[in-house]
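Structure below is target03.cif: mmCIF, C-alpha atoms and all ligand atoms.
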```cif
data_structure
#
loop_
_atom_site.label_atom_id
_atom_site.label_comp_id
_atom_site.auth_asym_id
_atom_site.auth_seq_id
_atom_site.Cartn_x
_atom_site.Cartn_y
_atom_site.Cartn_z
CA MET A 1 0.00 0.00 0.00
CA GLU A 2 2.84 2.39 0.88
CA THR A 3 4.45 2.13 -2.54
CA VAL A 4 1.04 2.68 -4.13
CA ALA A 5 0.45 5.76 -2.01
CA ALA A 6 3.91 7.04 -2.90
CA ALA A 7 3.07 6.74 -6.60
CA LEU A 8 -0.01 8.94 -6.23
CA PRO A 9 0.23 12.71 -6.72
CA HIS A 10 1.10 14.43 -3.45
CA ALA A 11 -1.65 17.00 -4.04
CA LEU A 12 -4.25 14.34 -3.13
CA PRO A 13 -5.82 14.37 0.36
CA LEU A 14 -3.94 12.65 3.17
CA GLY A 15 -4.96 9.00 3.40
CA THR A 16 -5.87 8.67 -0.28
CA ALA A 17 -5.38 5.09 -1.43
CA VAL A 18 -5.98 2.69 -4.28
CA ASN A 19 -8.34 -0.10 -3.22
CA GLN A 20 -8.38 -3.75 -4.26
CA ARG A 21 -10.54 -2.94 -7.27
CA GLY A 22 -7.85 -0.56 -8.40
CA ASN A 23 -10.06 2.47 -7.75
CA LEU A 24 -9.04 5.66 -6.03
CA GLU A 25 -10.35 6.05 -2.48
CA VAL A 26 -10.64 9.34 -0.60
CA GLY A 27 -11.53 9.17 3.08
CA GLY A 28 -12.02 5.44 2.57
CA CYS A 29 -14.72 6.01 -0.10
CA ASP A 30 -14.40 4.57 -3.60
CA LEU A 31 -14.59 7.53 -6.00
CA VAL A 32 -16.05 5.48 -8.85
CA GLU A 33 -18.90 4.30 -6.62
CA LEU A 34 -19.37 7.74 -5.14
CA ALA A 35 -19.64 9.26 -8.61
CA ARG A 36 -22.23 6.66 -9.56
CA GLU A 37 -24.28 7.19 -6.38
CA LEU A 38 -24.13 10.96 -6.06
CA GLY A 39 -23.50 12.06 -9.62
CA THR A 40 -20.83 14.43 -10.89
CA PRO A 41 -19.35 16.94 -10.65
CA ALA A 42 -18.91 16.73 -6.90
CA TYR A 43 -16.41 18.06 -4.37
CA VAL A 44 -15.21 15.15 -2.26
CA VAL A 45 -13.58 16.15 1.03
CA ALA A 46 -11.40 13.94 3.21
CA GLU A 47 -12.57 15.15 6.61
CA ASP A 48 -9.49 13.79 8.37
CA ASP A 49 -7.25 15.82 6.10
CA LEU A 50 -8.92 19.03 7.32
CA ARG A 51 -8.50 17.95 10.92
CA THR A 52 -4.88 16.91 10.51
CA ARG A 53 -3.88 20.23 8.97
CA ALA A 54 -5.75 22.21 11.64
CA ARG A 55 -3.85 20.24 14.29
CA SER A 56 -0.55 20.81 12.49
CA PHE A 57 -1.10 24.57 12.65
CA HIS A 58 -2.04 24.44 16.30
CA GLU A 59 0.82 22.19 17.32
CA ALA A 60 3.34 24.15 15.29
CA ILE A 61 2.43 27.47 16.84
CA ARG A 62 1.62 26.32 20.37
CA SER A 63 4.90 24.50 20.68
CA ARG A 64 6.76 27.71 19.85
CA HIS A 65 4.66 30.49 21.30
CA ARG A 66 2.45 30.77 24.36
CA ASP A 67 -0.17 33.36 23.47
CA CYS A 68 -1.53 32.52 20.03
CA ASP A 69 -4.57 31.64 17.96
CA VAL A 70 -5.22 30.15 14.53
CA LEU A 71 -8.02 31.72 12.52
CA PHE A 72 -9.50 29.90 9.53
CA ALA A 73 -9.90 32.22 6.52
CA THR A 74 -13.49 31.25 5.79
CA LYS A 75 -13.40 32.61 2.22
CA ALA A 76 -11.21 29.67 1.26
CA PHE A 77 -14.00 27.12 1.83
CA PRO A 78 -17.17 28.77 3.08
CA CYS A 79 -19.45 25.97 4.06
CA THR A 80 -21.05 25.10 7.37
CA ALA A 81 -19.53 21.62 7.63
CA VAL A 82 -16.00 22.89 7.02
CA CYS A 83 -16.53 25.68 9.56
CA ARG A 84 -17.94 23.22 12.11
CA THR A 85 -14.98 20.91 11.62
CA PHE A 86 -12.63 23.76 12.44
CA VAL A 87 -14.77 24.88 15.37
CA GLN A 88 -14.39 21.34 16.73
CA GLU A 89 -10.64 21.56 16.14
CA GLY A 90 -10.52 24.72 18.23
CA LEU A 91 -9.86 27.31 15.52
CA GLY A 92 -11.17 30.85 15.41
CA CYS A 93 -11.86 32.49 12.06
CA GLU A 94 -11.64 35.55 9.89
CA VAL A 95 -14.45 36.83 7.70
CA GLY A 96 -14.52 39.37 4.91
CA SER A 97 -18.19 40.23 4.72
CA ALA A 98 -21.46 40.15 6.65
CA GLY A 99 -22.34 37.01 4.67
CA GLU A 100 -19.26 35.16 5.83
CA LEU A 101 -19.89 36.45 9.34
CA HIS A 102 -23.39 34.99 9.26
CA MET A 103 -22.14 31.60 8.10
CA ALA A 104 -19.30 31.58 10.62
CA THR A 105 -21.39 32.46 13.68
CA ARG A 106 -24.16 30.08 12.60
CA ALA A 107 -21.58 27.30 12.33
CA GLY A 108 -20.51 27.95 15.90
CA PHE A 109 -17.40 30.13 15.78
CA ASP A 110 -17.09 32.21 18.92
CA PRO A 111 -17.66 35.83 17.80
CA ALA A 112 -14.95 36.95 20.18
CA ARG A 113 -12.46 34.98 18.08
CA ILE A 114 -13.59 36.40 14.75
CA HIS A 115 -11.57 39.03 12.89
CA PHE A 116 -13.59 41.12 10.46
CA HIS A 117 -11.78 42.24 7.28
CA GLY A 118 -12.47 44.11 4.09
CA ASN A 119 -11.24 47.12 2.15
CA ALA A 120 -14.75 48.51 1.57
CA LYS A 121 -16.88 47.35 4.46
CA THR A 122 -20.31 48.93 4.42
CA GLU A 123 -21.98 50.65 7.33
CA GLU A 124 -24.43 47.73 7.53
CA GLU A 125 -21.55 45.27 7.72
CA LEU A 126 -19.73 47.20 10.42
CA GLY A 127 -22.93 47.44 12.42
CA ALA A 128 -23.62 43.73 11.99
CA ALA A 129 -20.08 42.88 13.05
CA MET A 130 -20.29 44.92 16.23
CA ARG A 131 -23.76 43.70 17.11
CA ALA A 132 -22.54 40.12 16.65
CA GLY A 133 -19.72 40.91 19.05
CA VAL A 134 -16.78 40.22 16.75
CA GLY A 135 -13.55 40.32 18.68
CA HIS A 136 -11.65 42.52 16.26
CA VAL A 137 -12.46 44.72 13.32
CA VAL A 138 -9.42 45.12 11.09
CA LEU A 139 -9.34 48.72 9.89
CA ASP A 140 -8.43 49.23 6.27
CA SER A 141 -8.84 52.98 5.71
CA LEU A 142 -9.36 56.30 7.47
CA ASN A 143 -12.90 56.53 6.10
CA GLU A 144 -13.68 53.24 7.74
CA LEU A 145 -12.06 54.30 11.00
CA GLU A 146 -14.33 57.32 11.19
CA ARG A 147 -17.41 55.34 10.18
CA LEU A 148 -16.71 52.62 12.73
CA GLU A 149 -16.09 55.14 15.48
CA ARG A 150 -19.39 56.87 14.82
CA LEU A 151 -21.25 53.56 14.77
CA ALA A 152 -19.58 52.29 17.93
CA VAL A 153 -20.55 55.50 19.75
CA GLN A 154 -24.13 55.07 18.52
CA LEU A 155 -24.20 51.46 19.67
CA GLY A 156 -22.67 52.45 23.00
CA LEU A 157 -19.85 49.94 22.90
CA THR A 158 -16.10 49.85 22.64
CA GLN A 159 -14.77 47.94 19.66
CA LYS A 160 -11.28 46.45 19.59
CA VAL A 161 -9.53 47.15 16.32
CA LEU A 162 -6.35 46.25 14.46
CA ILE A 163 -4.82 48.33 11.71
CA ARG A 164 -4.09 46.52 8.46
CA VAL A 165 -0.63 47.49 7.29
CA THR A 166 0.53 47.16 3.70
CA PRO A 167 4.22 46.65 4.26
CA GLY A 168 5.47 47.18 0.72
CA VAL A 169 6.55 43.56 0.44
CA ALA A 170 5.50 41.57 -2.59
CA GLY A 171 5.81 37.81 -2.60
CA ASP A 172 6.24 35.85 -5.80
CA THR A 173 2.67 35.00 -6.74
CA HIS A 174 0.02 35.86 -9.32
CA HIS A 175 -0.58 39.63 -9.35
CA ALA A 176 -4.30 39.16 -8.65
CA ILE A 177 -3.58 37.59 -5.28
CA SER A 178 -0.62 39.69 -4.19
CA THR A 179 -1.59 42.22 -1.52
CA GLY A 180 1.59 43.33 0.26
CA GLN A 181 2.93 45.69 -2.44
CA SER A 182 2.59 49.43 -1.83
CA ASP A 183 0.22 49.99 -4.75
CA SER A 184 -2.64 48.00 -3.31
CA LYS A 185 -6.28 48.59 -2.50
CA PHE A 186 -5.70 46.97 0.89
CA GLY A 187 -4.53 48.46 4.14
CA PHE A 188 -2.46 51.45 5.24
CA LEU A 189 1.05 52.16 4.01
CA PRO A 190 3.39 52.37 7.02
CA ASP A 191 3.37 56.20 7.13
CA ASP A 192 -0.41 56.29 6.85
CA ALA A 193 -0.62 53.63 9.53
CA ARG A 194 1.34 55.95 11.84
CA GLY A 195 -1.29 58.61 11.21
CA ALA A 196 -4.09 56.16 11.96
CA ILE A 197 -2.35 55.05 15.14
CA ASP A 198 -2.17 58.67 16.32
CA ARG A 199 -5.76 59.24 15.33
CA LEU A 200 -6.87 56.19 17.33
CA ARG A 201 -5.13 57.43 20.49
CA GLY A 202 -7.88 59.97 20.87
CA ALA A 203 -10.67 57.82 19.48
CA ARG A 204 -13.93 57.38 21.28
CA ALA A 205 -15.30 53.85 21.43
CA LEU A 206 -12.42 52.26 19.50
CA GLU A 207 -9.52 50.51 21.19
CA LEU A 208 -6.42 49.91 19.09
CA VAL A 209 -4.91 46.62 20.21
CA GLY A 210 -2.58 45.73 17.35
CA LEU A 211 -1.59 45.39 13.74
CA HIS A 212 -2.49 43.07 10.90
CA CYS A 213 -0.85 42.24 7.63
CA HIS A 214 -1.58 39.78 4.85
CA ILE A 215 0.86 40.05 1.98
CA GLY A 216 -0.74 37.67 -0.48
CA SER A 217 -1.72 34.13 -1.23
CA GLN A 218 -0.09 30.98 -2.66
CA LEU A 219 3.35 32.08 -1.44
CA PHE A 220 6.21 29.59 -1.56
CA GLU A 221 8.96 31.80 -0.17
CA LEU A 222 9.21 32.45 3.56
CA GLU A 223 11.41 35.54 3.36
CA PRO A 224 8.58 37.96 2.42
CA PHE A 225 6.67 36.97 5.55
CA ARG A 226 9.76 37.84 7.60
CA ALA A 227 10.21 41.13 5.82
CA ALA A 228 6.59 42.04 6.53
CA VAL A 229 7.02 41.37 10.26
CA ARG A 230 10.16 43.49 10.25
CA THR A 231 8.15 46.40 8.80
CA LEU A 232 5.38 46.01 11.39
CA ALA A 233 8.01 46.35 14.09
CA THR A 234 8.83 49.89 12.92
CA LEU A 235 5.34 51.07 13.91
CA GLY A 236 5.73 50.72 17.66
CA GLU A 237 4.74 48.00 20.12
CA PHE A 238 1.28 46.49 20.37
CA PRO A 239 -0.16 43.56 22.31
CA VAL A 240 -1.68 41.77 19.26
CA TYR A 241 -0.31 40.89 15.82
CA ASN A 242 -2.37 39.11 13.18
CA LEU A 243 0.14 37.99 10.56
CA GLY A 244 -2.36 36.83 7.95
CA GLY A 245 -2.40 33.77 5.74
CA GLY A 246 -0.72 33.06 2.45
CA LEU A 247 1.11 29.74 2.68
CA ALA A 248 1.04 27.96 -0.68
CA ALA A 249 -0.46 24.54 -1.30
CA ALA A 250 0.81 21.96 -3.79
CA TYR A 251 -1.41 21.58 -6.84
CA THR A 252 0.99 19.64 -9.05
CA ALA A 253 3.92 17.26 -8.71
CA GLY A 254 6.39 20.06 -9.37
CA GLN A 255 5.18 22.22 -6.48
CA HIS A 256 6.77 21.83 -3.06
CA PRO A 257 5.59 24.54 -0.67
CA PRO A 258 7.08 24.78 2.81
CA ARG A 259 5.47 22.43 5.32
CA ILE A 260 3.06 23.99 7.82
CA GLU A 261 5.67 23.52 10.56
CA GLU A 262 8.38 25.26 8.53
CA TYR A 263 6.11 28.18 7.71
CA VAL A 264 4.92 28.63 11.30
CA ALA A 265 8.47 28.33 12.62
CA ALA A 266 9.64 31.06 10.24
CA ILE A 267 6.82 33.40 11.24
CA VAL A 268 7.22 32.81 14.96
CA ASP A 269 10.99 33.26 14.73
CA ALA A 270 10.48 36.55 12.91
CA ALA A 271 7.92 37.64 15.49
CA HIS A 272 10.25 36.81 18.36
CA GLU A 273 13.14 38.61 16.70
CA PHE A 274 11.34 41.78 15.65
CA LEU A 275 8.26 42.06 17.90
CA GLY A 276 9.38 40.29 21.07
CA GLY A 277 8.23 37.04 22.63
CA ASP A 278 5.40 38.41 24.75
CA LYS A 279 2.88 39.38 22.07
CA ARG A 280 -0.35 37.69 21.09
CA LEU A 281 0.24 36.12 17.67
CA LEU A 282 -2.49 35.16 15.24
CA LEU A 283 -2.30 33.35 11.92
CA GLU A 284 -5.06 33.30 9.32
CA PRO A 285 -4.52 30.36 6.97
CA GLY A 286 -7.07 29.53 4.34
CA ARG A 287 -5.60 27.59 1.46
CA ALA A 288 -3.05 25.63 3.49
CA LEU A 289 -5.86 24.29 5.69
CA VAL A 290 -8.25 23.21 2.95
CA ALA A 291 -6.77 23.03 -0.57
CA ASN A 292 -5.49 19.48 -0.46
CA SER A 293 -8.41 18.07 1.51
CA THR A 294 -10.63 17.93 -1.55
CA VAL A 295 -10.84 16.46 -5.03
CA THR A 296 -13.42 17.23 -7.68
CA VAL A 297 -14.84 14.25 -9.54
CA TYR A 298 -16.17 14.70 -13.05
CA THR A 299 -17.48 12.36 -15.72
CA VAL A 300 -15.97 12.44 -19.19
CA GLN A 301 -18.60 13.28 -21.79
CA THR A 302 -16.55 13.56 -24.94
CA VAL A 303 -13.05 12.90 -26.25
CA LYS A 304 -12.12 14.89 -29.33
CA ARG A 305 -8.81 14.59 -31.16
CA ASN A 306 -7.85 17.45 -33.46
CA VAL A 307 -4.61 19.35 -33.01
CA SER A 308 -4.80 18.36 -29.34
CA THR A 309 -6.82 15.81 -27.42
CA TRP A 310 -9.76 17.48 -25.70
CA VAL A 311 -11.35 15.56 -22.86
CA GLY A 312 -14.66 17.24 -22.12
CA VAL A 313 -16.15 16.86 -18.65
CA ASP A 314 -19.44 17.78 -17.02
CA GLY A 315 -18.09 20.75 -15.05
CA GLY A 316 -15.50 23.45 -15.58
CA MET A 317 -15.23 27.15 -14.83
CA SER A 318 -18.49 27.04 -12.88
CA ASP A 319 -16.90 24.81 -10.21
CA ASN A 320 -13.25 25.84 -10.55
CA LEU A 321 -12.47 29.35 -11.75
CA ARG A 322 -8.86 29.29 -10.63
CA PRO A 323 -7.28 28.22 -13.95
CA MET A 324 -9.13 31.05 -15.69
CA LEU A 325 -8.47 33.73 -13.06
CA TYR A 326 -4.88 32.94 -12.11
CA GLY A 327 -3.63 30.53 -14.75
CA ALA A 328 -3.60 27.95 -11.95
CA GLU A 329 -2.33 24.50 -12.89
CA TYR A 330 -3.98 21.25 -11.91
CA GLU A 331 -3.40 17.56 -12.48
CA ALA A 332 -5.99 14.92 -13.29
CA LEU A 333 -6.32 11.17 -12.86
CA ILE A 334 -8.87 8.59 -13.90
CA ALA A 335 -10.54 7.12 -10.84
CA ASP A 336 -10.48 3.46 -11.90
CA ARG A 337 -6.87 3.45 -13.13
CA PRO A 338 -5.08 6.16 -11.15
CA LEU A 339 -1.70 4.51 -11.44
CA THR A 340 -1.76 3.88 -15.18
CA ARG A 341 0.55 6.28 -16.95
CA GLY A 342 -0.99 7.92 -19.99
CA THR A 343 1.14 8.65 -23.02
CA GLU A 344 -1.19 11.10 -24.69
CA ARG A 345 -1.15 14.71 -23.51
CA CYS A 346 -4.74 15.84 -23.03
CA HIS A 347 -6.49 19.08 -22.21
CA LEU A 348 -9.21 18.63 -19.63
CA ALA A 349 -11.94 20.88 -20.96
CA GLY A 350 -14.97 22.17 -19.15
CA LYS A 351 -18.46 22.24 -20.64
CA HIS A 352 -18.90 26.01 -20.79
CA CYS A 353 -19.24 28.21 -23.83
CA GLU A 354 -15.74 29.69 -23.74
CA SER A 355 -12.42 28.51 -25.14
CA GLY A 356 -10.75 29.52 -21.89
CA ASP A 357 -12.78 26.96 -20.00
CA VAL A 358 -9.95 24.45 -19.63
CA LEU A 359 -9.38 22.93 -16.18
CA ALA A 360 -5.98 21.40 -16.85
CA ARG A 361 -3.64 21.44 -19.82
CA ASP A 362 -1.22 18.77 -20.92
CA VAL A 363 -2.29 16.12 -18.48
CA ALA A 364 -1.34 12.54 -19.34
CA LEU A 365 -4.63 10.66 -19.10
CA PRO A 366 -4.52 6.95 -19.96
CA ASP A 367 -6.81 6.37 -22.95
CA PRO A 368 -9.68 8.54 -21.70
CA LYS A 369 -13.19 7.52 -22.75
CA PRO A 370 -16.72 8.87 -22.24
CA GLY A 371 -18.00 7.62 -18.90
CA ASP A 372 -14.62 7.70 -17.19
CA VAL A 373 -14.60 9.36 -13.78
CA VAL A 374 -11.87 12.01 -13.75
CA VAL A 375 -10.41 13.24 -10.47
CA VAL A 376 -8.82 16.68 -10.08
CA PRO A 377 -6.88 17.01 -6.82
CA ALA A 378 -6.48 20.06 -4.60
CA THR A 379 -9.78 21.81 -5.25
CA GLY A 380 -10.65 22.53 -1.60
CA ALA A 381 -9.49 26.15 -1.53
CA TYR A 382 -11.41 28.78 -3.49
CA GLY A 383 -13.20 26.15 -5.59
CA HIS A 384 -16.62 26.10 -3.92
CA SER A 385 -16.22 29.76 -2.93
CA LEU A 386 -15.70 30.95 -6.51
CA ALA A 387 -18.29 28.57 -7.99
CA ASN A 388 -21.01 30.12 -10.08
CA ASN A 389 -24.01 29.37 -12.27
CA TYR A 390 -22.51 30.29 -15.63
CA ASN A 391 -24.45 28.65 -18.45
CA GLY A 392 -27.03 27.58 -15.90
CA ALA A 393 -24.56 25.22 -14.28
CA LEU A 394 -25.84 23.65 -11.08
CA ARG A 395 -23.24 24.04 -8.37
CA PRO A 396 -21.87 20.70 -7.17
CA PRO A 397 -22.54 19.05 -3.84
CA ILE A 398 -19.89 18.82 -1.13
CA VAL A 399 -19.39 15.35 0.23
CA PHE A 400 -17.48 14.63 3.43
CA CYS A 401 -15.78 11.22 3.53
CA ARG A 402 -14.34 9.61 6.60
CA GLU A 403 -13.46 5.99 7.33
CA GLY A 404 -15.45 4.79 4.35
CA ALA A 405 -18.63 6.72 5.15
CA ALA A 406 -19.80 9.53 2.89
CA ARG A 407 -22.22 12.32 3.86
CA VAL A 408 -23.51 15.12 1.68
CA VAL A 409 -22.93 18.35 3.59
CA VAL A 410 -24.03 20.68 0.80
CA ARG A 411 -26.59 19.34 -1.67
CA ARG A 412 -26.30 19.75 -5.42
CA GLU A 413 -28.22 22.70 -6.81
CA ASN A 414 -31.31 21.94 -8.85
CA PRO A 415 -32.79 23.91 -11.77
CA GLU A 416 -35.33 25.57 -9.48
CA ASP A 417 -32.45 27.05 -7.45
CA LEU A 418 -31.55 29.01 -10.58
CA VAL A 419 -34.83 30.93 -10.60
CA ILE A 420 -35.76 30.93 -6.93
CA ARG A 421 -34.86 34.63 -6.46
CA ASP A 422 -36.45 35.79 -9.69
CA ALA A 423 -39.38 38.12 -9.13
CA GLY A 424 -40.47 38.70 -12.71
N1 LIG B 1 -6.39 36.75 5.56
C1 LIG B 1 -6.87 37.66 4.70
C2 LIG B 1 -7.13 39.02 5.18
C3 LIG B 1 -7.11 37.32 3.38
O1 LIG B 1 -7.56 38.23 2.52
C4 LIG B 1 -6.86 36.00 2.94
C5 LIG B 1 -7.10 35.60 1.56
C6 LIG B 1 -6.39 35.06 3.89
C7 LIG B 1 -6.16 35.48 5.19
C8 LIG B 1 -6.12 33.62 3.54
O2 LIG B 1 -5.12 33.51 2.61
P1 LIG B 1 -4.59 32.05 2.19
O3 LIG B 1 -3.97 31.41 3.41
O4 LIG B 1 -5.73 31.28 1.71
O5 LIG B 1 -3.59 32.34 1.12
N2 LIG B 1 -9.12 33.29 -4.75
C9 LIG B 1 -7.66 33.25 -4.71
C10 LIG B 1 -7.10 33.53 -3.34
C11 LIG B 1 -7.57 34.84 -2.75
C12 LIG B 1 -7.06 35.07 -1.35
C13 LIG B 1 -7.83 36.15 -0.69
N3 LIG B 1 -7.43 36.43 0.65
C14 LIG B 1 -7.19 31.90 -5.23
O6 LIG B 1 -8.01 31.06 -5.54
O7 LIG B 1 -5.99 31.68 -5.37
#
```
Output the structure of this file as structure tokens.
Amino acid sequence: METVAAALPHALPLGTAVNQRGNLEVGGCDLVELARELGTPAYVVAEDDLRTRARSFHEAIRSRHRDCDVLFATKAFPCTAVCRTFVQEGLGCEVGSAGELHMATRAGFDPARIHFHGNAKTEEELGAAMRAGVGHVVLDSLNELERLERLAVQLGLTQKVLIRVTPGVAGDTHHAISTGQSDSKFGFLPDDARGAIDRLRGARALELVGLHCHIGSQLFELEPFRAAVRTLATLGEFPVYNLGGGLAAAYTAGQHPPRIEEYVAAIVDAAHEFLGGDKRLLLEPGRALVANSTVTVYTVQTVKRNVSTWVGVDGGMSDNLRPMLYGAEYEALIADRPLTRGTERCHLAGKHCESGDVLARDVALPDPKPGDVVVVPATGAYGHSLANNYNGALRPPIVFCREGAARVVVRRENPEDLVIRDAG
């Protein structure tokens, strides 16, 4: 079994195996059977993978630093079952809208351990956040500072806040998900942050407790995280530092991001060196907690050979926008022969009315045929959250698998869901 597991792509969920029938198993569930029973496309989640990664974050930080918390970035996989799993694992969370706040509190996250983000939070959202009792609002602009102060006075409460700092540090990632560079819509540049800090000294109803930064997502290098912490240290001393998320996940065989332990060690070391050992440290991972927990299963509808080989499946940019938005690369396997090496380079095409709707390019699928169940690993982060109804696509179900038992935690959409809000 070990050699088999070693031959599988490392982007697959922990515990993925090939069973005696030769079929791929996630969370102990046969993906060919699951596809037959539940239909495709479907997001299949190995619940234990989520739990293991949550524990890795906790252990890594708790073993190095006393006063700390790990906040799940809910935008990465906003669904009640995922949130509940992380509540059970003892995580707090961050939200970026009133909608995410609603889902997070409903799933059981303690409001006091929620950080509320956003570069253009509305008055309604700020009010909802304070009424829900969120622990920290992360201020992103002076306009927001003034708006929040006014609302807090009206509500008669004192709101703890952090200031989001844009440190002028850009990691090596796609420009659409880089946030630490100076020319960014997010946060305060260090000089502006100094102004906001001064402004908050005299603020009514707002209590500045610390600083936040999040320099971007899908980052492989640890040095930019260190550089960001070094910049925060120039702004004075605070009790709380939220150092964001951003750790990369592996999507393909060629990608080897730092392990959770390595990443946490680097951040904590930087914090100890530049901020001191007595601060409250928070991390906000999204992708690194959820990306590799999930595979998407599709069924091949067509195989067309022209200049290339086009393997058309029953999903696409409606369930995974990442290749189209960020040029993200994925691998693909066939569920009933995952270890068979294909010789033909194929493009895994979605079913939507756009040429750009290609889920994976140049994947070696072994003699793909209509009816084959295709498995795309590492779709747990920003797959479900960016899913949409383009071309009337029905968004896929989410299925949790654990020790051979499968449970649908989000049902598949049906055609009526597409018109349920229509008034005309
Ligand atoms: N904290 C804040 C304030 C964030 O904005 C984000 C992600 C995170 C934490 C979590 O970052 P992570 O650990 O997941 O890198 N849709 C894009 C990613 C957008 C990330 C947005 N912010 C993608 O699919 O690659």
Contact table chain A vs ligand LIG 1 (chain B), cut-off 6 Å, shortest pair per residue, all atoms listed in the file, as JSON lines:
```
{"residue": "A:Ala73", "atom": "CA", "partner": "B:LIG1", "partner_atom": "C8", "distance": 5.0}
{"residue": "A:Ala76", "atom": "CA", "partner": "B:LIG1", "partner_atom": "O4", "distance": 5.7}
{"residue": "A:Ile177", "atom": "CA", "partner": "B:LIG1", "partner_atom": "C11", "distance": 5.5}
{"residue": "A:His214", "atom": "CA", "partner": "B:LIG1", "partner_atom": "C2", "distance": 5.6}
{"residue": "A:Ser217", "atom": "CA", "partner": "B:LIG1", "partner_atom": "O5", "distance": 3.5}
{"residue": "A:Gln218", "atom": "CA", "partner": "B:LIG1", "partner_atom": "O5", "distance": 5.3}
{"residue": "A:Gly244", "atom": "CA", "partner": "B:LIG1", "partner_atom": "N1", "distance": 4.7}
{"residue": "A:Gly245", "atom": "CA", "partner": "B:LIG1", "partner_atom": "O3", "distance": 3.7}
{"residue": "A:Gly246", "atom": "CA", "partner": "B:LIG1", "partner_atom": "O5", "distance": 3.2}
{"residue": "A:Leu247", "atom": "CA", "partner": "B:LIG1", "partner_atom": "O3", "distance": 5.4}
{"residue": "A:Glu284", "atom": "CA", "partner": "B:LIG1", "partner_atom": "C7", "distance": 4.8}
{"residue": "A:Pro285", "atom": "CA", "partner": "B:LIG1", "partner_atom": "O3", "distance": 3.8}
{"residue": "A:Gly286", "atom": "CA", "partner": "B:LIG1", "partner_atom": "O4", "distance": 3.4}
{"residue": "A:Arg287", "atom": "CA", "partner": "B:LIG1", "partner_atom": "O4", "distance": 3.7}
{"residue": "A:Ala288", "atom": "CA", "partner": "B:LIG1", "partner_atom": "O3", "distance": 5.9}
{"residue": "A:Arg322", "atom": "CA", "partner": "B:LIG1", "partner_atom": "O6", "distance": 5.5}
{"residue": "A:Tyr382", "atom": "CA", "partner": "B:LIG1", "partner_atom": "O6", "distance": 4.6}
```
I need the chosen residues saved as a compact mmCIF listing (two decimals), in the frame of the given file, with C-alpha atoms.
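Final output, selection_21.txt:
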```txt
# COMPACT_ATOMS: atom_id res chain seq x y z
CA ALA A 73 -9.90 32.22 6.52
CA ALA A 76 -11.21 29.67 1.26
CA ILE A 177 -3.58 37.59 -5.28
CA HIS A 214 -1.58 39.78 4.85
CA SER A 217 -1.72 34.13 -1.23
CA GLN A 218 -0.09 30.98 -2.66
CA GLY A 244 -2.36 36.83 7.95
CA GLY A 245 -2.40 33.77 5.74
CA GLY A 246 -0.72 33.06 2.45
CA LEU A 247 1.11 29.74 2.68
CA GLU A 284 -5.06 33.30 9.32
CA PRO A 285 -4.52 30.36 6.97
CA GLY A 286 -7.07 29.53 4.34
CA ARG A 287 -5.60 27.59 1.46
CA ALA A 288 -3.05 25.63 3.49
CA ARG A 322 -8.86 29.29 -10.63
CA TYR A 382 -11.41 28.78 -3.49
```
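Between atom CA of Gly315 of chain A and atom CA of Gly350 of chain A lies a distance of 5.3 Å.
With atom CA of Ala112 of chain A on one side and atom CA of His136 of chain A on the other, the separation reads 7.6 Å.
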Legend entry - Surrounding residues of Asp67 of chain A excluding itself and chain neighbours under 6 positions, 7 Å, all atoms listed in the file, as a list in words: Lys279, Arg280 and Leu281 of chain A
Given the selection you just returned, output its residues as a file containing C-alpha atoms, formatted as a short mmCIF file (atom, residue, chain, number, x, y, z; two decimals), in the frame of the given file.
```
data_model
loop_
_atom_site.label_atom_id
_atom_site.label_comp_id
_atom_site.auth_asym_id
_atom_site.auth_seq_id
_atom_site.Cartn_x
_atom_site.Cartn_y
_atom_site.Cartn_z
CA LYS A 279 2.88 39.38 22.07
CA ARG A 280 -0.35 37.69 21.09
CA LEU A 281 0.24 36.12 17.67
#
```
Contacts of segment 25-97 of chain A with segment 240-243 of chain A up to 10 Å, shortest pair per row, only C-alpha atoms, as a Markdown table:
```
| residue | atom | partner | partner_atom | distance |
| --- | --- | --- | --- | --- |
| A:Asp67 | CA | A:Val240 | CA | 9.5 |
| A:Cys68 | CA | A:Val240 | CA | 9.3 |
| A:Asp69 | CA | A:Asn242 | CA | 9.1 |
| A:Val70 | CA | A:Asn242 | CA | 9.5 |
| A:Leu71 | CA | A:Asn242 | CA | 9.3 |
```
Inset, instruction - Compile the contact shell of Ser318 of chain A as a PyMOL selection string: residues with an atom at most 7 Å away, counting all atoms listed in the file, same-chain residues fewer than 3 positions apart removed. - result: chain A and resi 315+321+387-390+393
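Among A:Leu232, A:Thr294, A:Arg199, A:Thr340, the residue with the shortest atom-to-atom distance to Glu273 of chain A, counting only C-alpha atoms, is A:Leu232.
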Legend entry - Nearby residues (only C-alpha atoms) at most 9 Å from Thr296 of chain A, same-chain spacing under 3 positions excluded, as a PyMOL selection string: chain A and resi 40-45+319+374-380
Produce a file of the selected residues containing C-alpha atoms, as a tab-separated table (two decimals), in the frame of the given file.
```tsv
chain	number	residue	atom	x	y	z
A	40	THR	CA	-20.83	14.43	-10.89
A	41	PRO	CA	-19.35	16.94	-10.65
A	42	ALA	CA	-18.91	16.73	-6.90
A	43	TYR	CA	-16.41	18.06	-4.37
A	44	VAL	CA	-15.21	15.15	-2.26
A	45	VAL	CA	-13.58	16.15	1.03
A	319	ASP	CA	-16.90	24.81	-10.21
A	374	VAL	CA	-11.87	12.01	-13.75
A	375	VAL	CA	-10.41	13.24	-10.47
A	376	VAL	CA	-8.82	16.68	-10.08
A	377	PRO	CA	-6.88	17.01	-6.82
A	378	ALA	CA	-6.48	20.06	-4.60
A	379	THR	CA	-9.78	21.81	-5.25
A	380	GLY	CA	-10.65	22.53	-1.60
```
